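**Student:** Below is entry-v9.txt; it holds compact mmCIF, C-alpha atoms.
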# COMPACT_ATOMS: atom_id res chain seq x y z
CA MET A 1 12.65 15.74 11.33
CA ASP A 2 12.95 14.93 7.66
CA PHE A 3 11.30 11.95 6.13
CA ASP A 4 12.67 10.34 3.05
CA PHE A 5 10.70 7.51 1.61
CA SER A 6 12.46 7.62 -1.75
CA PHE A 7 15.23 5.24 -0.74
CA LEU A 8 12.61 2.52 -0.32
CA ALA A 9 12.43 2.13 -4.10
CA GLU A 10 15.95 0.75 -3.98
CA TYR A 11 14.81 -2.00 -1.67
CA SER A 12 11.57 -2.86 -3.38
CA GLY A 13 12.98 -6.10 -4.79
CA VAL A 14 14.05 -7.38 -1.37
CA LEU A 15 10.77 -6.33 0.21
CA TRP A 16 8.86 -8.09 -2.52
CA ARG A 17 10.79 -11.29 -1.92
CA GLY A 18 10.16 -10.95 1.81
CA LEU A 19 6.46 -10.57 1.18
CA LEU A 20 6.45 -13.66 -1.04
CA THR A 21 8.17 -15.62 1.73
CA THR A 22 5.53 -14.45 4.19
CA LEU A 23 2.73 -15.46 1.83
CA GLN A 24 4.40 -18.80 1.19
CA PHE A 25 4.50 -19.54 4.91
CA VAL A 26 0.88 -18.56 5.34
CA GLY A 27 -0.21 -20.60 2.33
CA ILE A 28 1.52 -23.78 3.47
CA ALA A 29 0.37 -23.37 7.07
CA VAL A 30 -3.22 -22.79 5.96
CA VAL A 31 -3.36 -25.90 3.76
CA LEU A 32 -1.62 -28.19 6.24
CA GLY A 33 -3.64 -26.66 9.07
CA LEU A 34 -6.90 -27.42 7.25
CA VAL A 35 -6.06 -31.10 6.92
CA TRP A 36 -4.64 -31.42 10.41
CA GLY A 37 -7.47 -29.37 11.89
CA PHE A 38 -10.07 -31.61 10.27
CA VAL A 39 -8.41 -34.70 11.72
CA LEU A 40 -8.26 -33.04 15.13
CA SER A 41 -11.90 -32.01 15.00
CA LEU A 42 -12.82 -35.65 14.32
CA GLY A 43 -10.87 -36.54 17.45
CA ARG A 44 -12.61 -33.85 19.45
CA THR A 45 -16.04 -35.07 18.43
CA SER A 46 -15.09 -38.74 18.75
CA SER A 47 -16.89 -40.96 21.24
CA ASN A 48 -13.59 -42.66 21.96
CA LYS A 49 -12.49 -41.14 25.29
CA GLY A 50 -8.77 -41.56 24.63
CA LEU A 51 -8.91 -39.84 21.25
CA TYR A 52 -11.12 -37.11 22.64
CA TRP A 53 -8.75 -36.25 25.48
CA LEU A 54 -5.67 -36.41 23.32
CA ALA A 55 -7.14 -34.06 20.74
CA THR A 56 -8.54 -31.74 23.40
CA LEU A 57 -5.25 -31.53 25.25
CA TYR A 58 -3.44 -30.78 22.01
CA VAL A 59 -5.83 -28.03 20.98
CA GLU A 60 -5.95 -26.42 24.41
CA PHE A 61 -2.21 -26.51 24.70
CA PHE A 62 -1.59 -24.86 21.36
CA ARG A 63 -4.25 -22.25 21.98
CA GLY A 64 -3.05 -21.67 25.54
CA THR A 65 0.62 -20.93 24.86
CA PRO A 66 2.23 -18.12 22.89
CA VAL A 67 3.00 -18.98 19.26
CA LEU A 68 6.47 -17.59 19.85
CA VAL A 69 7.11 -20.25 22.50
CA GLN A 70 5.83 -22.94 20.14
CA LEU A 71 8.07 -21.67 17.38
CA PHE A 72 11.16 -21.59 19.59
CA TRP A 73 10.32 -25.01 20.95
CA ILE A 74 10.12 -26.51 17.48
CA PHE A 75 13.20 -24.62 16.35
CA PHE A 76 15.47 -25.48 19.29
CA CYS A 77 14.04 -28.65 20.81
CA LEU A 78 12.59 -30.77 18.03
CA PRO A 79 15.99 -31.29 16.31
CA LEU A 80 17.38 -32.56 19.64
CA PHE A 81 14.52 -35.00 19.98
CA LEU A 82 14.64 -36.22 16.42
CA GLY A 83 18.40 -36.12 16.16
CA VAL A 84 18.20 -34.45 12.75
CA GLU A 85 18.95 -30.92 11.70
CA LEU A 86 15.84 -28.97 10.76
CA SER A 87 16.15 -25.87 8.62
CA GLY A 88 14.59 -22.65 9.86
CA PHE A 89 12.08 -22.91 7.06
CA ILE A 90 10.93 -26.39 8.04
CA SER A 91 10.69 -25.53 11.74
CA ALA A 92 8.69 -22.41 10.99
CA VAL A 93 6.34 -24.35 8.71
CA ILE A 94 5.89 -27.09 11.31
CA ALA A 95 5.22 -24.61 14.12
CA LEU A 96 2.75 -22.51 12.14
CA SER A 97 0.95 -25.58 10.80
CA LEU A 98 0.60 -27.18 14.22
CA TYR A 99 -0.86 -23.94 15.54
CA SER A 100 -3.02 -23.53 12.47
CA GLY A 101 -4.37 -27.05 12.97
CA ALA A 102 -5.39 -26.25 16.54
CA ILE A 103 -7.37 -23.11 15.67
CA THR A 104 -8.82 -24.70 12.54
CA SER A 105 -10.15 -27.68 14.48
CA GLU A 106 -11.98 -25.26 16.77
CA SER A 107 -13.69 -23.68 13.77
CA PHE A 108 -14.76 -27.07 12.46
CA ARG A 109 -15.99 -28.12 15.88
CA ALA A 110 -18.03 -24.96 16.37
CA ALA A 111 -19.56 -25.45 12.93
CA LEU A 112 -20.45 -29.07 13.71
CA LYS A 113 -22.03 -28.02 16.99
CA SER A 114 -24.09 -25.31 15.31
CA ILE A 115 -25.99 -27.85 13.22
CA ASP A 116 -29.50 -28.18 14.51
CA ALA A 117 -30.53 -31.41 16.23
CA SER A 118 -33.54 -31.57 13.90
CA GLN A 119 -31.14 -32.34 11.03
CA PHE A 120 -30.05 -35.50 12.80
CA ASP A 121 -33.68 -36.39 13.53
CA ALA A 122 -34.56 -35.88 9.88
CA CYS A 123 -31.78 -38.23 8.84
CA ILE A 124 -33.13 -40.90 11.14
CA ALA A 125 -36.65 -40.32 9.85
CA LEU A 126 -35.40 -40.70 6.30
CA GLY A 127 -33.58 -43.86 7.30
CA LEU A 128 -30.18 -42.58 6.13
CA PRO A 129 -27.22 -44.69 7.19
CA GLN A 130 -24.55 -43.05 9.35
CA GLY A 131 -22.06 -42.61 6.50
CA VAL A 132 -24.56 -40.91 4.20
CA GLN A 133 -25.71 -38.71 7.05
CA THR A 134 -22.17 -37.53 7.73
CA VAL A 135 -21.06 -37.00 4.16
CA PHE A 136 -24.19 -35.58 2.54
CA VAL A 137 -26.05 -33.85 5.35
CA ILE A 138 -23.74 -32.82 8.15
CA LEU A 139 -20.46 -32.18 6.39
CA PRO A 140 -21.70 -29.76 3.68
CA GLN A 141 -23.54 -27.67 6.24
CA ALA A 142 -20.62 -27.70 8.66
CA MET A 143 -18.18 -26.69 5.92
CA LEU A 144 -20.39 -23.83 4.82
CA ARG A 145 -20.72 -22.50 8.34
CA ALA A 146 -17.03 -22.90 9.05
CA ILE A 147 -15.97 -20.71 6.12
CA PRO A 148 -16.01 -17.30 7.89
CA ASN A 149 -14.07 -18.69 10.85
CA LEU A 150 -11.61 -20.44 8.60
CA LEU A 151 -11.03 -17.21 6.71
CA SER A 152 -10.44 -15.29 9.90
CA ASN A 153 -7.93 -17.96 10.88
CA VAL A 154 -6.09 -17.14 7.66
CA VAL A 155 -5.92 -13.52 8.81
CA SER A 156 -4.58 -14.58 12.22
CA LEU A 157 -1.96 -16.79 10.62
CA PHE A 158 -0.96 -14.00 8.29
CA LYS A 159 -0.33 -11.79 11.32
CA GLU A 160 1.34 -14.49 13.40
CA SER A 161 3.63 -15.33 10.49
CA ALA A 162 5.67 -12.21 11.32
CA LEU A 163 7.08 -14.26 14.19
CA VAL A 164 9.11 -16.47 11.88
CA SER A 165 11.49 -13.52 11.58
CA ALA A 166 12.53 -14.35 15.14
CA VAL A 167 14.10 -17.63 13.99
CA GLY A 168 15.88 -15.91 11.14
CA MET A 169 13.48 -16.55 8.27
CA ALA A 170 13.73 -13.76 5.71
CA ASP A 171 10.06 -12.87 5.66
CA LEU A 172 8.70 -9.35 5.26
CA MET A 173 9.22 -8.51 8.93
CA TYR A 174 12.79 -9.77 8.93
CA VAL A 175 13.73 -8.01 5.73
CA GLY A 176 12.20 -4.79 7.03
CA GLN A 177 14.07 -4.88 10.32
CA ASN A 178 17.29 -5.68 8.50
CA ILE A 179 16.96 -2.73 6.17
CA ALA A 180 15.98 -0.50 9.08
CA ASN A 181 19.16 -1.46 10.91
CA ASN A 182 21.33 -0.98 7.86
CA VAL A 183 20.13 2.42 6.72
CA ALA A 184 19.24 3.71 10.18
CA ARG A 185 15.86 4.93 8.99
CA PRO A 186 13.45 2.85 11.08
CA ILE A 187 10.49 5.21 10.72
CA GLU A 188 10.21 5.07 6.95
CA ILE A 189 10.95 1.39 6.57
CA LEU A 190 8.93 0.08 9.52
CA THR A 191 5.98 2.25 8.53
CA ALA A 192 6.24 0.92 4.99
CA ILE A 193 6.31 -2.67 6.30
CA ALA A 194 3.29 -2.02 8.50
CA LEU A 195 1.44 -0.56 5.52
CA ILE A 196 2.27 -3.58 3.36
CA TYR A 197 0.90 -5.89 6.06
CA PHE A 198 -2.15 -3.69 6.33
CA ALA A 199 -2.67 -3.64 2.57
CA ILE A 200 -3.14 -7.41 2.69
CA GLY A 201 -4.62 -7.85 6.15
CA PHE A 202 -7.33 -5.23 5.71
CA PRO A 203 -8.96 -6.59 2.52
CA LEU A 204 -8.77 -10.09 3.99
CA THR A 205 -10.54 -8.95 7.15
CA ARG A 206 -13.15 -7.13 5.08
CA ALA A 207 -13.66 -10.26 3.00
CA VAL A 208 -14.33 -12.22 6.17
CA SER A 209 -17.15 -9.90 7.25
CA LEU A 210 -18.54 -9.86 3.72
CA VAL A 211 -18.61 -13.65 3.47
CA GLU A 212 -20.06 -13.84 6.95
CA GLY A 213 -22.94 -11.53 6.00
CA ARG A 214 -23.64 -13.47 2.79
CA LEU A 215 -23.55 -16.76 4.59
CA LEU A 216 -25.92 -15.64 7.32
CA LYS A 217 -28.45 -14.93 4.59
CA VAL A 218 -27.89 -18.32 2.95
CA VAL A 219 -28.12 -20.23 6.21
CA LYS A 220 -31.27 -18.39 7.22
CA ALA A 221 -32.95 -18.91 3.84
CA MET B 222 15.30 -40.86 20.74
CA ASN B 223 18.10 -41.06 23.27
CA TYR B 224 17.94 -37.72 24.96
CA GLU B 225 18.83 -37.51 28.60
CA PHE B 226 16.80 -35.04 30.55
CA ASP B 227 18.50 -32.84 33.07
CA TRP B 228 16.25 -30.60 35.09
CA PHE B 229 18.98 -29.16 37.27
CA TYR B 230 19.20 -25.83 35.46
CA VAL B 231 15.46 -25.39 35.30
CA LYS B 232 15.27 -25.89 39.04
CA LYS B 233 18.13 -23.50 39.59
CA GLY B 234 16.69 -20.91 37.23
CA PHE B 235 13.13 -21.28 38.40
CA PRO B 236 13.12 -18.11 40.55
CA GLN B 237 14.31 -16.25 37.44
CA LEU B 238 11.45 -17.70 35.43
CA ILE B 239 8.96 -16.69 38.10
CA GLU B 240 10.42 -13.19 38.09
CA GLY B 241 9.84 -13.16 34.35
CA LEU B 242 6.30 -14.38 34.86
CA TRP B 243 5.63 -11.46 37.22
CA LEU B 244 6.79 -9.01 34.59
CA THR B 245 4.65 -10.78 32.00
CA LEU B 246 1.63 -10.52 34.31
CA GLU B 247 2.39 -6.87 34.99
CA LEU B 248 2.51 -6.14 31.27
CA THR B 249 -0.72 -8.06 30.78
CA LEU B 250 -2.45 -6.20 33.60
CA TRP B 251 -1.55 -2.71 32.37
CA ALA B 252 -2.27 -3.57 28.76
CA ASN B 253 -5.69 -4.76 29.90
CA VAL B 254 -6.33 -1.56 31.87
CA ILE B 255 -5.58 0.45 28.73
CA GLY B 256 -7.54 -1.98 26.56
CA LEU B 257 -10.66 -1.98 28.71
CA VAL B 258 -10.87 1.79 29.25
CA LEU B 259 -9.63 3.05 25.90
CA GLY B 260 -11.56 0.34 24.09
CA PHE B 261 -14.81 1.53 25.62
CA LEU B 262 -14.07 5.19 24.85
CA VAL B 263 -13.29 4.27 21.25
CA ALA B 264 -16.48 2.23 20.98
CA ILE B 265 -18.50 5.20 22.29
CA GLY B 266 -16.72 7.48 19.84
CA MET B 267 -17.64 5.14 17.01
CA LEU B 268 -21.32 5.76 17.80
CA SER B 269 -20.85 9.41 16.95
CA LYS B 270 -22.44 10.88 13.83
CA ILE B 271 -19.51 13.23 13.31
CA LYS B 272 -17.31 11.90 10.50
CA ALA B 273 -14.21 13.63 11.86
CA ILE B 274 -14.47 11.44 14.96
CA VAL B 275 -15.51 8.18 13.35
CA TRP B 276 -12.93 8.16 10.56
CA PRO B 277 -9.75 8.40 12.63
CA LEU B 278 -11.13 5.88 15.12
CA THR B 279 -11.99 3.45 12.32
CA ALA B 280 -8.50 3.87 10.90
CA TYR B 281 -7.02 3.22 14.33
CA ILE B 282 -9.08 0.07 14.91
CA GLU B 283 -8.52 -1.38 11.47
CA PHE B 284 -4.85 -0.61 11.50
CA PHE B 285 -4.20 -2.34 14.78
CA ARG B 286 -6.41 -5.29 13.90
CA CYS B 287 -4.97 -5.88 10.46
CA THR B 288 -1.22 -5.74 11.12
CA PRO B 289 0.96 -8.13 13.13
CA ALA B 290 1.39 -7.25 16.80
CA LEU B 291 5.12 -7.71 16.28
CA ILE B 292 5.41 -4.86 13.79
CA GLN B 293 3.35 -2.64 16.11
CA LEU B 294 5.68 -3.41 18.98
CA VAL B 295 8.83 -2.93 16.94
CA TRP B 296 7.42 0.25 15.45
CA PHE B 297 6.72 1.70 18.89
CA PHE B 298 10.11 0.64 20.15
CA PHE B 299 12.11 2.21 17.35
CA CYS B 300 9.96 5.02 16.03
CA ILE B 301 8.28 6.67 19.01
CA PRO B 302 11.58 7.81 20.55
CA ILE B 303 12.66 9.38 17.25
CA LEU B 304 9.30 10.92 16.40
CA PHE B 305 8.54 12.40 19.80
CA ASN B 306 12.02 12.69 21.20
CA VAL B 307 11.13 10.71 24.31
CA TRP B 308 13.07 7.89 25.89
CA TRP B 309 10.73 5.53 27.59
CA SER B 310 11.69 2.09 28.84
CA ALA B 311 11.15 -0.95 26.65
CA GLU B 312 8.61 -2.21 29.19
CA PHE B 313 6.59 0.94 28.86
CA MET B 314 6.69 0.72 25.06
CA GLY B 315 5.55 -2.87 25.36
CA ILE B 316 2.61 -1.91 27.55
CA LEU B 317 1.71 0.92 25.19
CA ALA B 318 1.81 -1.21 22.05
CA LEU B 319 0.01 -4.17 23.62
CA GLY B 320 -2.55 -1.86 25.25
CA LEU B 321 -3.35 -0.02 22.03
CA ASN B 322 -3.57 -3.33 20.19
CA LEU B 323 -5.96 -4.71 22.80
CA ALA B 324 -8.04 -1.52 22.84
CA ALA B 325 -8.67 -1.89 19.10
CA PHE B 326 -9.96 -5.45 19.54
CA ASN B 327 -11.94 -4.56 22.67
CA ALA B 328 -13.55 -1.60 20.92
CA GLU B 329 -15.00 -4.04 18.40
CA ALA B 330 -16.26 -6.28 21.20
CA TYR B 331 -17.89 -3.35 23.00
CA ARG B 332 -19.38 -2.11 19.74
CA ALA B 333 -21.02 -5.45 19.00
CA ALA B 334 -22.40 -5.50 22.56
CA ILE B 335 -23.67 -1.94 22.37
CA GLN B 336 -25.42 -2.72 19.11
CA ALA B 337 -27.15 -5.62 20.84
CA ILE B 338 -28.72 -3.29 23.42
CA PRO B 339 -32.34 -2.79 22.35
CA HIS B 340 -33.19 0.64 20.98
CA ALA B 341 -35.99 0.89 23.55
CA HIS B 342 -33.33 1.56 26.19
CA THR B 343 -32.33 4.75 24.44
CA ASP B 344 -35.96 5.83 24.30
CA ALA B 345 -36.40 4.97 27.96
CA SER B 346 -33.31 7.01 28.84
CA THR B 347 -34.74 9.98 26.97
CA ALA B 348 -38.11 9.53 28.68
CA LEU B 349 -36.34 9.49 32.05
CA GLY B 350 -34.56 12.70 31.16
CA LEU B 351 -31.03 11.22 31.34
CA ASN B 352 -28.37 13.22 29.57
CA VAL B 353 -25.87 11.61 27.24
CA PHE B 354 -23.25 10.96 29.91
CA GLN B 355 -25.73 9.51 32.36
CA ARG B 356 -27.02 7.26 29.61
CA ILE B 357 -23.52 6.07 28.72
CA ILE B 358 -22.49 5.44 32.34
CA HIS B 359 -25.70 3.99 33.77
CA VAL B 360 -27.41 2.34 30.82
CA ILE B 361 -24.91 1.48 28.10
CA LEU B 362 -21.72 0.68 30.08
CA PRO B 363 -23.15 -1.96 32.46
CA GLN B 364 -24.94 -3.82 29.70
CA ALA B 365 -22.05 -3.55 27.26
CA LEU B 366 -19.71 -4.91 29.91
CA ILE B 367 -21.88 -7.91 30.71
CA LEU B 368 -22.57 -8.74 27.06
CA SER B 369 -18.99 -8.42 25.94
CA LEU B 370 -17.35 -9.93 29.04
CA PRO B 371 -16.47 -13.30 27.47
CA VAL B 372 -14.87 -11.63 24.45
CA LEU B 373 -13.08 -9.07 26.64
CA ILE B 374 -11.55 -11.81 28.78
CA THR B 375 -10.61 -13.86 25.72
CA ASN B 376 -8.91 -10.80 24.24
CA GLY B 377 -7.22 -10.12 27.57
CA ILE B 378 -5.75 -13.60 27.77
CA GLY B 379 -4.76 -13.29 24.12
CA ILE B 380 -2.66 -10.29 25.11
CA PHE B 381 -1.09 -12.38 27.86
CA GLN B 382 0.14 -14.71 25.14
CA GLN B 383 1.06 -11.93 22.72
CA SER B 384 3.09 -10.32 25.50
CA ALA B 385 5.76 -12.95 24.85
CA LEU B 386 6.70 -10.77 21.88
CA VAL B 387 8.25 -8.17 24.15
CA ALA B 388 11.11 -10.62 24.69
CA LEU B 389 12.16 -9.69 21.15
CA ILE B 390 12.70 -6.07 22.21
CA SER B 391 14.65 -7.39 25.22
CA VAL B 392 12.09 -6.87 27.95
CA GLU B 393 12.93 -9.45 30.57
CA ASP B 394 9.62 -11.27 30.67
CA LEU B 395 8.97 -14.99 31.04
CA MET B 396 9.84 -15.72 27.40
CA TYR B 397 13.06 -13.73 27.64
CA GLN B 398 14.18 -15.46 30.82
CA GLY B 399 13.40 -18.85 29.33
CA ARG B 400 15.41 -18.09 26.21
CA TYR B 401 18.24 -16.73 28.34
CA ILE B 402 18.45 -19.79 30.56
CA SER B 403 18.14 -22.19 27.65
CA THR B 404 20.99 -20.60 25.72
CA GLN B 405 23.17 -20.25 28.80
CA THR B 406 22.77 -23.85 29.83
CA PHE B 407 22.23 -25.56 26.46
CA ARG B 408 19.08 -27.12 27.86
CA PRO B 409 16.37 -25.81 25.52
CA ILE B 410 14.02 -28.78 25.88
CA GLU B 411 13.70 -28.61 29.65
CA THR B 412 13.60 -24.82 29.84
CA LEU B 413 11.30 -24.05 26.93
CA THR B 414 8.91 -26.83 27.92
CA THR B 415 8.74 -25.39 31.43
CA VAL B 416 8.09 -21.92 29.98
CA ALA B 417 5.32 -23.29 27.77
CA LEU B 418 3.77 -25.06 30.75
CA ILE B 419 3.84 -21.89 32.84
CA TYR B 420 2.09 -19.94 30.09
CA PHE B 421 -0.44 -22.74 29.76
CA ALA B 422 -1.01 -22.94 33.51
CA VAL B 423 -2.04 -19.30 33.54
CA SER B 424 -4.12 -19.09 30.38
CA PHE B 425 -5.94 -22.42 30.53
CA PRO B 426 -7.95 -21.77 33.74
CA VAL B 427 -8.90 -18.34 32.41
CA SER B 428 -10.11 -19.74 29.09
CA GLN B 429 -12.12 -22.36 30.98
CA ALA B 430 -13.63 -19.59 33.10
CA VAL B 431 -14.66 -17.82 29.90
CA THR B 432 -16.66 -20.85 28.81
CA LEU B 433 -18.39 -20.82 32.18
CA ILE B 434 -19.13 -17.10 32.06
CA GLU B 435 -20.41 -17.41 28.51
CA ARG B 436 -22.93 -20.02 29.63
CA ARG B 437 -23.98 -17.80 32.56
CA THR B 438 -24.38 -14.76 30.32
CA LYS B 439 -26.53 -16.71 27.91
CA ARG B 440 -28.75 -17.85 30.74
CA LEU B 441 -28.90 -14.31 32.10
CA LEU B 442 -29.96 -13.02 28.71
CA ALA B 443 -32.55 -15.72 28.27
CA ASN B 444 -34.33 -14.58 31.44
Show me the file's structure as structure tokens.

**Tutor:**
Amino acid sequence: MDFDFSFLAEYSGVLWRGLLTTLQFVGIAVVLGLVWGFVLSLGRTSSNKGLYWLATLYVEFFRGTPVLVQLFWIFFCLPLFLGVELSGFISAVIALSLYSGAITSESFRAALKSIDASQFDACIALGLPQGVQTVFVILPQAMLRAIPNLLSNVVSLFKESALVSAVGMADLMYVGQNIANNVARPIEILTAIALIYFAIGFPLTRAVSLVEGRLLKVVKA
Amino acid sequence: MNYEFDWFYVKKGFPQLIEGLWLTLELTLWANVIGLVLGFLVAIGMLSKIKAIVWPLTAYIEFFRCTPALIQLVWFFFCIPILFNVWWSAEFMGILALGLNLAAFNAEAYRAAIQAIPHAHTDASTALGLNVFQRIIHVILPQALILSLPVLITNGIGIFQQSALVALISVEDLMYQGRYISTQTFRPIETLTTVALIYFAVSFPVSQAVTLIERRTKRLLAN
């Protein structure tokens, strides 16, 4: 069987645009997910029972169902509920961000839980008011510890973002499959797509372990 | 919001959904068999000092961990038949892709667990005159399994969720059946919500069990 990768050059512009779309999705979902995840993590650590259960149910549900189902649900059902037309782009952003929020809140929660009880005792001993304790003692430490997890969430989102092709968004995956269908050369094009994903996913994953190692040293010191 | 719910078609199509669920579970089961066995073999291979073994295995692990499962699935579906001139069913391709994906993640879990086994165990094995295989089977495997169990189950249930992707290569799993019914009957809200609830009903108890097992393992290790 003959391989011919040369024709890919012709499509480099389209692939590039697809990649940018993918990155755009990931970027928006990460930022919105951070904000939403922080709010959710407050709910999950709240002493208010109602808030706690609501946030917990939300997080468990989004972590317990396939992202593809979530995406289709938002794409096909939300417009019916709201009575307004949602573009594929908006639905994909909403779905990814809602999912991103759920996994992000877990990272925040784990970080909050990892803070030693002695820190709270020290705050009491120093007579710090609740607000000061949260903002200056707990939050900075929690944020620092959450960084590796948050970064690995970015990697997950980057990989999950390929799903948006299923609702017709022209991301890298979609563009790749389209070209593959048109030129009937799936091996070259799909391999190229996989390599492009890898070229971004791999350094990101490496960065996560690197940051994790650094942080372990900082936290221990 | 003035939407009128109509659950008639969901009720009527429920057996179809359950049929889809069985296929989903079947895919999950086989992918997990591949993932658990192959993952361990890969993890053992990674311990080797021979570069020619470690390098390809590292490439395999990193490649499957750093690319979307969807592209892996689609790649298998379209490229394997051309490359190897074989015509396997879409289900089989799905199992293969999901299984290899899971094995890569499980290999990492096993590896972390194996690294946590104290070096003294290796010395003890040598002192007892165990050969390499005996050491792997009787000393490393049981401990690695216990230590990595929570991660292995989490990965396994992750594959249950990822298996929804096979609907995109027209394997008639739960996701596929749900999509089919919802487009046939124009009742996406009822159908897709039911599908989501079915997925949740399976994965939630398992994830709760993981939390329990994790606590047990920690206690076991503390003793």

**Student:** Please check the contacts: residues of chain B at most 7 Å away from chain A, using only C-alpha atoms, listed as a short mmCIF file (atom, residue, chain, number, x, y, z; two decimals) with C-alpha atoms, in the coordinates of the input.

**Tutor:**
data_model
loop_
_atom_site.label_atom_id
_atom_site.label_comp_id
_atom_site.auth_asym_id
_atom_site.auth_seq_id
_atom_site.Cartn_x
_atom_site.Cartn_y
_atom_site.Cartn_z
CA MET B 222 15.30 -40.86 20.74
CA TYR B 224 17.94 -37.72 24.96
CA PHE B 284 -4.85 -0.61 11.50
CA CYS B 287 -4.97 -5.88 10.46
CA THR B 288 -1.22 -5.74 11.12
CA PRO B 289 0.96 -8.13 13.13
CA LEU B 291 5.12 -7.71 16.28
CA ILE B 292 5.41 -4.86 13.79
CA TRP B 296 7.42 0.25 15.45
CA PHE B 299 12.11 2.21 17.35
CA CYS B 300 9.96 5.02 16.03
CA GLN B 382 0.14 -14.71 25.14
CA GLN B 383 1.06 -11.93 22.72
CA ALA B 385 5.76 -12.95 24.85
CA PRO B 409 16.37 -25.81 25.52
CA ILE B 410 14.02 -28.78 25.88
CA LEU B 413 11.30 -24.05 26.93
CA ALA B 417 5.32 -23.29 27.77
CA TYR B 420 2.09 -19.94 30.09
CA PHE B 421 -0.44 -22.74 29.76
CA SER B 424 -4.12 -19.09 30.38
CA PHE B 425 -5.94 -22.42 30.53
#

**Student:** In Å, how far is it from atom CA of Val295 of chain B to atom CA of Ser384 of chain B?

**Tutor:**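 Separation between atom CA of Val295 of chain B and atom CA of Ser384 of chain B: 12.7 Å.
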
**Student:** So which residues touch Thr406 of chain B within 12 Å, counting all atoms listed in the file, skipping near sequence neighbours fewer than 2 positions away, as a PyMOL selection string?

**Tutor:** chain B and resi 227-231+233-234+399-404+408-413

**Student:** Atom CA of Ile282 of chain B to atom CA of Phe326 of chain B: how many Å, to one decimal?

**Tutor:** 7.3 Å

**Student:** Do you have the atom CA of Ala9 of chain A-atom CA of Leu304 of chain B distance handy?

**Tutor:**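 Value for the atom CA of Ala9 of chain A-atom CA of Leu304 of chain B distance: 22.5 Å.
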
**Student:** Which one of A:Val135, A:Leu151, A:Ile94, A:Leu86 sits closest to Ser107 of chain A if you count all atoms listed in the file?

**Tutor:** A:Leu151

**Student:** Counting all atoms listed in the file, which residues of segment 171-202 of chain A sit at most 8 Å from some atom of segment 16-34 of chain A, and what is each one's closest atom pair with its distance in Å to one decimal, listed by chain and rising residue number, as a Markdown table?

**Tutor:**
| residue | atom | partner | partner_atom | distance |
| --- | --- | --- | --- | --- |
| A:Asp171 | CA | A:Gly18 | CA | 4.3 |
| A:Leu172 | CA | A:Gly18 | CA | 4.1 |
| A:Met173 | CA | A:Gly18 | CA | 7.6 |
| A:Tyr174 | CA | A:Gly18 | CA | 7.7 |
| A:Val175 | CA | A:Gly18 | CA | 6.1 |

**Student:** Within 8 Å of segment 146-148 of chain A, counting all atoms listed in the file, which residues qualify if same-chain residues fewer than 4 places away don't, as a VMD selection string?

**Tutor:** chain A and resid 107 to 108 110 to 111 142 152 208 to 209 211 to 212

**Student:** Tell me which protein, DNA and RNA residues are within 12 Å of Ala430 of chain B, counting all atoms listed in the file, leaving out same-chain ones fewer than 6 positions away, and put them as a PDB file with C-alpha atoms, keeping the file's coordinate frame.

**Tutor:**
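Saved result, out-v5.pdb, follows:
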ATOM      1  CA  LEU B 370     -17.350  -9.930  29.040  1.00  0.00           C
ATOM      2  CA  PRO B 371     -16.470 -13.300  27.470  1.00  0.00           C
ATOM      3  CA  VAL B 372     -14.870 -11.630  24.450  1.00  0.00           C
ATOM      4  CA  ILE B 374     -11.550 -11.810  28.780  1.00  0.00           C
ATOM      5  CA  THR B 375     -10.610 -13.860  25.720  1.00  0.00           C
ATOM      6  CA  ILE B 378      -5.750 -13.600  27.770  1.00  0.00           C
ATOM      7  CA  VAL B 423      -2.040 -19.300  33.540  1.00  0.00           C
ATOM      8  CA  SER B 424      -4.120 -19.090  30.380  1.00  0.00           C
ATOM      9  CA  ARG B 436     -22.930 -20.020  29.630  1.00  0.00           C
ATOM     10  CA  ARG B 437     -23.980 -17.800  32.560  1.00  0.00           C
TER      11      ARG B 437
END
